[in-house]
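Heads up, the thing below is written out as structure tokens.
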Amino acid sequence: MGRMTASPGRRVLLAAPRGYCAGVDRAVIAVEKALEQYGAPVYVRHEIVHNKYVVRTLEKKGAIFVERTEEVPPGNIVMFSAHGVAPVVHEEAERGRLATIDATCPLVTKVHKEAVRFAGEDYDILLIGHEGHEEVIGTSGEAPDHITLVDGPGDVDKVEVRDPSKVVWLSQTTLSVDETMETVDALKEKFPQLISPPSDDICYATQNRQLAVKQMGAEAELVIVVGSRNSSNSKRLVEVAKLAGSREAYLVDFASEIDEAWLEGVTTVGVTSGASVPEVLVEEVLEWLGERGYGDVELVKAAEESITFSLPKELRRDLREEAAALVAQRGGAGSASGPEGASAE
């Protein structure tokens with residue numbers, strides 16, 4: 001433990017809430033529980049959550065991360081990440097005779113269900129989100145013929161729909177609240193009859209973390225966001241900090257990535273972390289700053305969070321036995337009563 005010193009006038013503003021949201025917490029615990037219950041290996045399709053440290057830690061415990069369902073040998077257990085998957089992925093798992101655990105965040109599942117419902121009513125769906133992000137790929141896969149991706153306000157000009165009186169917008173759960181509303185306003189100008197989702201798609205955790213950074217960014221000359229490069233919600237926090245008035249904001253995975261030059265002329269440093277970041281990484285950053293005279297830590301509290309989600313129900317079954325049974329049905333496409341039955345939700 002380094003020495004913590006507080007130099008006069010130097011302080012850290014620590015955002016609350018920060019770090020793990022309920023969906024990430026549930027997904028990470030689900031991988032750990034699956035490894036405990038069924039033993040290694042447990043395959044995970046795509047990074048369970050977008051965080052380097054979490055993925056490395058789970059790999060050490062016996063999780064194997066794959067990009068494609070086909071990479072998992074038949075008769076194994078595969079878990080779907082918190083970002084959700086398209087229906088075709090459930091079919092791939094069935095064909096590959098795999099037992100599945102779906103760790104999709106319930107708030108992402110909500111957006112999937114909205115997509116299915118509006119597509120069923122033959123609406124054109126404008127999905128606001130980042131191209132190539134797993135969550136967008138998963139949601140789009142629910143109704144590919146009805147969904148058009150709108151990647152920010154600049155995309156609005158080229159959006160075309162079949163019937164301007166039957167258009168709805170949905171969004172990725174981890175976007176910037178302000179930019180999304182800017183996109184929605186531009187879409188409403190173009191399609192005055194555009195309807196909104198029954199409830200906000202950007203999740204509570206994304207909104208709360210942005211709110212805390214807004215309050216902090218106005219006072220901090222430097223904001224350090226702990227998070228990984230491929231984490232959408234973490235990258236948004238950097239943008240929000242700059243827009244809120246912070247001179248500089250940086251995204252780091254670990255304290256060791258902080259450059260001392262960033263502290264030049266800085267009296268107030270804001271610290272926060274994305275929704276897939278364990279608190280231990282934030283503690284290391286605080287310690288690093290403390291060793292350099294920023295030992296005075298004030299909490300900037302934007303909201304209380306008490307939401308929790310129950311673990312995926314598949315963890316209550318003997319999936320090893322189910323996986324073995326699927327392989328024993330060699331050549332059969334699997335029966336609807338197998339683990340794939342759980343994917344119809």
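Starting from 1 in every chain, residues are counted up; chains themselves are A, B, ... following the order of the structure tokens, and ligands are numbered from 1 as listed.
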Contacts of range 165-168 of chain A at 7 Å (only C-alpha atoms; same-chain gap of 2+ positions) as a ChimeraX atom specification: /A:123-126,163,170,193-197
Give me, as a ChimeraX atom specification, the residues of range 159-342 of chain A that a backbone DSSP run labels helix (DSSP H, G or I). /A:177-190,204-217,232-243,255-257,260-263,279-290,313-316,319-328,339-342
Using only C-alpha atoms, which protein or nucleic acid residues come within 7 Å of Ala205 in chain A? Drop anything in the same chain fewer than 3 positions from it, and give the result as a ChimeraX atom specification. /A:21,208-209
Could you write out that same residue set with N, CA and C atoms as a compact mmCIF listing (two decimals), in the first residue's frame?
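Okay, this is what ended up in result35.txt:
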# COMPACT_ATOMS: atom_id res chain seq x y z
N CYS A 21 -23.23 -2.76 -12.90
CA CYS A 21 -24.69 -2.63 -12.88
C CYS A 21 -25.26 -4.02 -12.57
N ASN A 208 -27.61 6.81 -14.88
CA ASN A 208 -27.09 7.27 -13.58
C ASN A 208 -25.60 7.57 -13.63
N ARG A 209 -24.84 6.71 -14.34
CA ARG A 209 -23.39 6.94 -14.41
C ARG A 209 -23.08 8.21 -15.19
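The two atoms in question, CA of Asp155 in chain A and CA of Ile137 in chain A, are spaced 17.5 Å apart.
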Contacts of Ala303 in chain A at 9 Å or less, counting only C-alpha atoms, minus same-chain residues fewer than 2 places along, as a ChimeraX atom specification? /A:16-17,208-209,211-212,301,305
Considering only C-alpha atoms, state which residue in the set A:Lys188, A:Arg68, A:Arg45, A:Arg26 is at the smallest distance from Cys105 in chain A. A:Arg26
Kindly give the distance, in Å, that separates CA of Gln172 in chain A and CA of Gly245 in chain A, rounded to a single decimal. 25.6 Å
Can you list, as a list of chain:residue names, every protein, DNA or RNA residue that comes within 9 Å of range 53-64 of chain A when you count only C-alpha atoms, leaving out same-chain residues fewer than 3 positions away? A:Val28, A:Val31, A:Glu32, A:Leu35, A:Gly39, A:Ala40, A:Pro41, A:Val42, A:Tyr43, A:Val44, A:Arg45, A:Glu47, A:Ile48, A:Val49, A:His50, A:Ser228, A:Asp253, A:Phe254, A:Ser276, A:Val277, A:Pro278, A:Leu281
Looking at only C-alpha atoms, which of A:Gly120, A:Gly138, A:Gly132, A:Pro153 is the one that sits closest to Ser81 in chain A? A:Gly138
Tell me, in Å to one decimal, how far CA of Thr109 in chain A is from CA of Pro312 in chain A. 12.4 Å
Run DSSP on the backbone of this structure and report the residues of range 67-303 of chain A it assigns to strand (DSSP E), as number ranges by chain. A: 77-80, 99-102, 124-128, 147-150, 167-171, 222-226, 248-252, 268-273, 297-301
Excluding Arg11 in chain A and its own-chain neighbours fewer than 6 positions away, which residues fall within 6 Å of it when counting only C-alpha atoms? Please give them as a PyMOL selection string. chain A and resi 268+294+296-297
